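Enquirer: work_36.txt (compact mmCIF, C-alpha atoms and all ligand atoms) pasted underneath:
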# COMPACT_ATOMS: atom_id res chain seq x y z
CA MET A 1 -2.56 8.23 19.38
CA HIS A 2 -5.57 6.28 18.16
CA ASP A 3 -7.35 8.33 15.51
CA LYS A 4 -10.71 8.03 13.76
CA HIS A 5 -9.20 6.28 10.74
CA GLN A 6 -7.68 3.61 12.96
CA GLU A 7 -11.05 3.10 14.65
CA PHE A 8 -12.74 2.86 11.24
CA PHE A 9 -10.32 0.22 9.96
CA ASP A 10 -10.19 -1.66 13.27
CA ALA A 11 -13.97 -2.04 13.01
CA ALA A 12 -13.72 -3.21 9.39
CA ALA A 13 -11.00 -5.83 10.00
CA ALA A 14 -13.20 -8.81 10.94
CA GLU A 15 -15.07 -8.80 7.62
CA TRP A 16 -12.32 -7.29 5.46
CA ASP A 17 -11.33 -10.55 3.75
CA LEU A 18 -14.78 -10.61 2.14
CA THR A 19 -14.20 -7.26 0.42
CA TYR A 20 -12.65 -8.58 -2.77
CA THR A 21 -14.25 -10.81 -5.40
CA ALA A 22 -12.40 -13.58 -7.23
CA GLU A 23 -12.40 -11.28 -10.26
CA ASP A 24 -10.74 -8.49 -8.25
CA LEU A 25 -8.05 -10.91 -7.12
CA GLU A 26 -7.43 -12.04 -10.69
CA ARG A 27 -7.10 -8.43 -11.87
CA LEU A 28 -4.78 -7.71 -8.97
CA THR A 29 -2.65 -10.75 -9.84
CA HIS A 30 -2.25 -9.45 -13.41
CA ILE A 31 -1.15 -6.04 -12.11
CA VAL A 32 1.35 -7.56 -9.67
CA ASP A 33 2.68 -9.81 -12.46
CA LYS A 34 3.74 -6.70 -14.39
CA LEU A 35 5.71 -5.09 -11.57
CA ASN A 36 8.97 -6.99 -12.11
CA MET A 37 9.14 -8.43 -8.63
CA ALA A 38 11.65 -11.24 -8.39
CA GLU A 39 13.05 -14.01 -6.22
CA GLY A 40 14.96 -12.78 -3.19
CA MET A 41 13.46 -9.28 -3.07
CA ASP A 42 12.35 -7.61 0.16
CA ILE A 43 8.94 -6.05 -0.42
CA LEU A 44 7.12 -3.48 1.69
CA ASP A 45 3.29 -3.51 1.59
CA LEU A 46 1.98 -0.24 3.07
CA GLY A 47 -1.53 -0.26 4.52
CA CYS A 48 -1.52 -4.02 4.04
CA GLY A 49 -4.87 -4.59 5.77
CA THR A 50 -5.40 -8.32 6.32
CA GLY A 51 -2.69 -9.19 3.79
CA ILE A 52 -4.67 -9.49 0.59
CA LEU A 53 -1.46 -9.03 -1.45
CA PHE A 54 0.78 -11.26 0.63
CA ASP A 55 0.19 -14.49 -1.26
CA MET A 56 0.87 -12.83 -4.62
CA LEU A 57 4.02 -11.15 -3.27
CA ARG A 58 5.29 -14.33 -1.60
CA ARG A 59 5.06 -16.21 -4.87
CA LYS A 60 7.28 -13.55 -6.46
CA VAL A 61 10.00 -13.38 -3.81
CA THR A 62 9.88 -17.11 -2.91
CA GLY A 63 11.57 -18.34 0.27
CA SER A 64 14.69 -16.21 -0.19
CA GLY A 65 12.86 -12.88 -0.10
CA THR A 66 10.57 -11.24 2.43
CA VAL A 67 7.20 -9.53 2.54
CA THR A 68 6.71 -6.87 5.20
CA GLY A 69 3.21 -5.50 5.74
CA VAL A 70 2.61 -2.29 7.63
CA ASP A 71 -0.76 -1.24 8.97
CA PHE A 72 -1.68 1.21 11.71
CA SER A 73 -4.92 -0.64 12.50
CA ILE A 74 -3.96 -3.19 15.14
CA GLU A 75 -6.95 -5.36 14.19
CA MET A 76 -5.95 -5.42 10.52
CA ALA A 77 -2.32 -6.16 11.46
CA ARG A 78 -3.38 -8.99 13.82
CA LYS A 79 -5.54 -10.57 11.16
CA ALA A 80 -2.77 -10.28 8.54
CA HIS A 81 -0.40 -12.00 10.94
CA ARG A 82 -2.93 -14.79 11.63
CA ASN A 83 -3.61 -15.22 7.91
CA PHE A 84 0.08 -15.49 6.97
CA PRO A 85 2.16 -17.12 9.73
CA PHE A 86 5.20 -17.63 7.49
CA ASP A 87 8.86 -17.07 8.37
CA ASN A 88 9.39 -14.62 5.53
CA VAL A 89 6.23 -12.58 6.17
CA ASN A 90 6.41 -9.83 8.77
CA VAL A 91 3.52 -7.67 9.86
CA VAL A 92 4.25 -4.43 11.67
CA ASP A 93 1.66 -2.27 13.41
CA ALA A 94 2.96 1.17 12.41
CA ASP A 95 2.02 4.39 10.66
CA ALA A 96 3.06 4.83 7.03
CA THR A 97 4.25 8.33 7.93
CA ALA A 98 6.79 7.04 10.50
CA LEU A 99 8.18 3.73 9.32
CA PRO A 100 10.21 1.74 11.86
CA PHE A 101 12.79 0.55 9.31
CA ALA A 102 16.38 1.48 8.53
CA ASP A 103 17.22 3.53 5.44
CA GLY A 104 17.50 1.48 2.24
CA SER A 105 15.80 -1.66 3.59
CA PHE A 106 13.50 -2.65 0.70
CA ASP A 107 13.67 -3.49 -3.02
CA VAL A 108 10.05 -2.53 -3.78
CA ALA A 109 7.18 -0.80 -1.97
CA VAL A 110 3.49 -1.05 -2.78
CA ALA A 111 0.43 0.66 -1.36
CA PHE A 112 -2.71 -1.09 -2.53
CA ALA A 113 -6.02 0.66 -1.86
CA ALA A 114 -4.35 2.55 0.97
CA PHE A 115 -2.62 5.75 -0.17
CA PRO A 116 -5.73 8.02 -0.14
CA HIS A 117 -6.20 7.21 3.55
CA PHE A 118 -2.72 8.29 4.68
CA SER A 119 -3.09 11.36 6.89
CA ASP A 120 0.06 13.01 5.53
CA GLN A 121 0.69 11.71 2.03
CA GLN A 122 3.89 13.71 1.52
CA LYS A 123 5.36 12.34 4.73
CA ALA A 124 4.43 8.80 3.70
CA ILE A 125 6.18 9.28 0.33
CA ASP A 126 9.22 10.74 2.12
CA GLU A 127 9.32 7.70 4.39
CA VAL A 128 8.94 5.24 1.52
CA HIS A 129 11.81 7.00 -0.24
CA ARG A 130 13.96 6.70 2.87
CA VAL A 131 13.38 2.97 3.39
CA LEU A 132 13.76 2.00 -0.29
CA LYS A 133 17.09 1.11 -1.87
CA SER A 134 18.53 3.16 -4.70
CA GLY A 135 16.67 2.40 -7.93
CA ALA A 136 13.80 0.68 -6.11
CA LYS A 137 10.22 1.39 -7.16
CA PHE A 138 7.15 2.55 -5.27
CA HIS A 139 3.78 1.52 -6.74
CA ILE A 140 0.43 3.03 -5.71
CA ILE A 141 -2.21 0.57 -6.90
CA HIS A 142 -6.01 0.65 -7.09
CA LEU A 143 -8.59 -1.37 -8.97
CA GLU A 144 -10.48 1.85 -9.76
CA SER A 145 -9.63 5.19 -11.33
CA ALA A 146 -8.89 8.17 -9.07
CA ARG A 147 -12.35 9.52 -9.85
CA GLU A 148 -14.01 6.20 -8.93
CA ILE A 149 -12.03 6.07 -5.67
CA SER A 150 -13.25 9.53 -4.67
CA ARG A 151 -16.83 8.59 -5.52
CA VAL A 152 -16.69 5.36 -3.49
CA HIS A 153 -15.16 7.11 -0.48
CA HIS A 154 -17.75 9.86 -0.71
CA GLU A 155 -20.52 7.23 -0.74
CA ILE A 156 -19.05 5.43 2.27
CA GLY A 157 -18.88 8.80 4.01
CA GLY A 158 -17.69 9.37 7.58
CA VAL A 159 -13.93 9.54 8.11
CA VAL A 160 -13.06 8.35 4.59
CA ALA A 161 -15.46 10.71 2.77
CA HIS A 162 -12.67 13.01 1.61
CA ASP A 163 -9.83 10.50 1.21
CA GLU A 164 -8.52 11.01 -2.30
CA ILE A 165 -5.70 10.35 -4.70
CA PRO A 166 -3.94 13.67 -5.36
CA THR A 167 -4.14 15.15 -8.86
CA ASP A 168 -1.42 13.98 -11.24
CA THR A 169 0.37 17.32 -10.89
CA THR A 170 0.30 17.22 -7.09
CA LEU A 171 1.45 13.61 -6.93
CA ARG A 172 4.34 14.35 -9.32
CA GLU A 173 5.34 17.31 -7.11
CA MET A 174 5.21 15.06 -4.05
CA PHE A 175 7.43 12.48 -5.75
CA ASP A 176 9.86 15.24 -6.82
CA HIS A 177 9.94 16.62 -3.30
CA SER A 178 11.02 13.21 -1.97
CA GLN A 179 13.54 12.75 -4.79
CA PHE A 180 11.68 10.01 -6.53
CA MET A 181 12.12 10.17 -10.30
CA SER A 182 10.59 8.79 -13.52
CA ALA A 183 7.03 8.96 -12.19
CA THR A 184 4.37 7.36 -14.38
CA ILE A 185 0.63 7.51 -13.70
CA GLU A 186 -2.05 5.36 -15.32
CA ASP A 187 -5.55 6.45 -14.41
CA HIS A 188 -8.58 5.04 -16.18
CA PRO A 189 -11.73 3.11 -15.28
CA GLY A 190 -10.68 -0.07 -13.49
CA LEU A 191 -7.09 0.92 -12.78
CA TYR A 192 -4.98 3.50 -11.00
CA LEU A 193 -1.26 2.73 -11.03
CA ALA A 194 1.36 5.32 -10.10
CA THR A 195 5.00 4.27 -10.08
CA ALA A 196 8.14 6.19 -9.16
CA VAL A 197 11.80 5.23 -8.85
CA ASN A 198 14.02 5.99 -5.87
CA SER A 199 16.74 8.29 -7.12
CA ARG A 200 19.10 8.06 -4.18
C1 LIG B 1 -8.87 0.28 2.28
S1 LIG B 1 -7.79 -0.58 3.37
C2 LIG B 1 -6.85 -1.60 2.24
C3 LIG B 1 -6.14 -2.73 2.94
C4 LIG B 1 -5.40 -3.68 2.00
N1 LIG B 1 -4.33 -3.04 1.29
C5 LIG B 1 -6.40 -4.29 1.05
O1 LIG B 1 -6.51 -3.81 -0.07
O2 LIG B 1 -7.10 -5.23 1.46
C6 LIG B 1 -6.62 0.68 3.83
C7 LIG B 1 -5.66 0.22 4.89
O3 LIG B 1 -4.69 1.23 5.11
C8 LIG B 1 -4.45 1.32 6.50
N2 LIG B 1 -3.94 2.67 6.79
C9 LIG B 1 -4.60 3.84 6.61
N3 LIG B 1 -3.81 4.86 6.98
C10 LIG B 1 -2.65 4.31 7.40
C11 LIG B 1 -1.43 4.85 7.89
N4 LIG B 1 -1.27 6.17 8.05
N5 LIG B 1 -0.43 4.02 8.21
C12 LIG B 1 -0.59 2.66 8.06
N6 LIG B 1 -1.72 2.09 7.62
C13 LIG B 1 -2.73 2.91 7.27
C14 LIG B 1 -5.79 1.04 7.13
O4 LIG B 1 -5.69 0.65 8.48
C15 LIG B 1 -6.33 -0.06 6.22
O5 LIG B 1 -6.00 -1.35 6.68
Could you express the structure from this file as structure tokens?
Expert:
Amino acid sequence: MHDKHQEFFDAAAAEWDLTYTAEDLERLTHIVDKLNMAEGMDILDLGCGTGILFDMLRRKVTGSGTVTGVDFSIEMARKAHRNFPFDNVNVVDADATALPFADGSFDVAVAFAAFPHFSDQQKAIDEVHRVLKSGAKFHIIHLESAREISRVHHEIGGVVAHDEIPTDTTLREMFDHSQFMSATIEDHPGLYLATAVNSR
């Protein structure tokens, strides 16, 4: 099924690479640097868009690891694939709520600027839990606070007008429900970073 969100992001794909400033990319690099990603890891990038994180992630895992981007917008996924035609980068056109990967496939999962858009956030967290290895972390990353994200989406309007980060309490309940543990949430102007550990 092709829904309104897919249409919205398909239409945005051509110009998406212009979204981020050099300053944004530098801030993002600093965040990624703190996530303890290492050589040889297999990383899942949910809602990868055109692959804005891929270069940063590739530098962490080097040639012995892999980066797998998932996006349900075919245009975003195509562009990500064109941007990063490397052997250890895979781009999959799929929905975050139904991931086409075996249980325990990845060492880390990230969702950058994507989680508020997932139609069923609990299902997406359940799926991330399923495809992560025991002890692996899931990071939800934004360059704005939860409040700023809501404001920006409201200003954009249309299908994304009500796409939000859940409250801290709700997100913690969602993590608990999926058997993630040790959830931490940082939420202040310029950064939202939620991290949870797969307890399997
Ligand atoms: C705001 S964009 C961010 C893209 C990229 N992470 C970046 O920061 O450049 C959100 C992305 O999430 C994708 N997305 C939204 N809902 C999705 C879902 N249920 N499954 C997979 N991708 C989804 C959209 O197609 C879009 O590419």
Enquirer: Smallest atom-to-atom distance to Val91 of chain A: which of A:Ala114, A:Ala22, A:Ile140, A:Ile43, using all atoms listed in the file?
Expert: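 For Val91 of chain A, the nearest of the candidates is A:Ile43.
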Enquirer: What residues have any atom no more than 9 Å from ligand LIG 1 (chain B) when counting all atoms listed in the file, and can you list them as a ChimeraX atom specification?
Expert: /A:5-10,12-13,16-17,19-20,45-53,70-77,93-99,111-121,124,142
Enquirer: Quick one: of A:Gln122, A:Thr21, A:Asn90, A:Thr29, who's nearest to Glu173 of chain A, counting all atoms listed in the file?
Expert: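 Between A:Gln122, A:Thr21, A:Asn90, A:Thr29, the residue approaching Glu173 of chain A most closely is A:Gln122.
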Enquirer: Between atom CA of Phe180 of chain A and atom CA of Ser199 of chain A, what is the distance in Å, rounded to a tenth?
Expert: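 Straight-line distance from atom CA of Phe180 of chain A to atom CA of Ser199 of chain A works out to 5.4 Å.
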Enquirer: So which one's closest to Lys60 of chain A, A:Met37, A:Ala80, A:Leu18, A:Leu44? Using only C-alpha atoms, please.
Expert: A:Met37
Enquirer: What is the atom CA of Thr170 of chain A-atom CA of His30 of chain A distance in Å, reported with one decimal?
Expert: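 Atom-to-atom, atom CA of Thr170 of chain A to atom CA of His30 of chain A, that is 27.5 Å.
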Enquirer: At a cut-off of 10 Å, using only C-alpha atoms, what residues contact Ala183 of chain A? Leave out same-chain residues fewer than 3 positions from it and give the result as a PyMOL selection string.
Expert: chain A and resi 137-139+168+171-173+175-176+180+194-198
Enquirer: When you count all atoms listed in the file, which of these residues is closest to Arg78 of chain A: A:Leu191, A:Leu132, A:Ala14, A:Ala38?
Expert: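 Checking each candidate against Arg78 of chain A, we get A:Ala14 as the closest.
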Enquirer: Extract, using all atoms listed in the file, all DNA, RNA and protein residues at most 12 Å from Ala161 of chain A, discarding same-chain residues fewer than 2 positions from it, and format them as a PDB file with C-alpha atoms, keeping the file's coordinate frame.
Expert:
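Output (selection.pdb):
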ATOM      1  CA  HIS A   5      -9.200   6.280  10.740  1.00  0.00           C
ATOM      2  CA  PHE A   8     -12.740   2.860  11.240  1.00  0.00           C
ATOM      3  CA  PRO A 116      -5.730   8.020  -0.140  1.00  0.00           C
ATOM      4  CA  HIS A 117      -6.200   7.210   3.550  1.00  0.00           C
ATOM      5  CA  ILE A 149     -12.030   6.070  -5.670  1.00  0.00           C
ATOM      6  CA  SER A 150     -13.250   9.530  -4.670  1.00  0.00           C
ATOM      7  CA  ARG A 151     -16.830   8.590  -5.520  1.00  0.00           C
ATOM      8  CA  VAL A 152     -16.690   5.360  -3.490  1.00  0.00           C
ATOM      9  CA  HIS A 153     -15.160   7.110  -0.480  1.00  0.00           C
ATOM     10  CA  HIS A 154     -17.750   9.860  -0.710  1.00  0.00           C
ATOM     11  CA  GLU A 155     -20.520   7.230  -0.740  1.00  0.00           C
ATOM     12  CA  ILE A 156     -19.050   5.430   2.270  1.00  0.00           C
ATOM     13  CA  GLY A 157     -18.880   8.800   4.010  1.00  0.00           C
ATOM     14  CA  GLY A 158     -17.690   9.370   7.580  1.00  0.00           C
ATOM     15  CA  VAL A 159     -13.930   9.540   8.110  1.00  0.00           C
ATOM     16  CA  ASP A 163      -9.830  10.500   1.210  1.00  0.00           C
ATOM     17  CA  GLU A 164      -8.520  11.010  -2.300  1.00  0.00           C
TER      18      GLU A 164
END
Enquirer: Can you tell me, as a ChimeraX atom specification, what residues are no more than 8 Å from Phe54 of chain A when counting only C-alpha atoms, ignoring any on the same chain fewer than 3 positions away?
Expert: /A:51,57-58,67,84,89
Enquirer: Would you please work out which residue, of A:Thr62, A:Asn36, A:Gln179, A:Ser145, is nearest to Val108 of chain A when using all atoms listed in the file?
Expert: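 Smallest distance to Val108 of chain A is found for A:Asn36.
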Enquirer: Can you work out the spacing between atom CA of Met56 of chain A and atom CA of Leu25 of chain A in Å, to one decimal?
Expert: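 Computed distance, atom CA of Met56 of chain A to atom CA of Leu25 of chain A, equals 9.5 Å.
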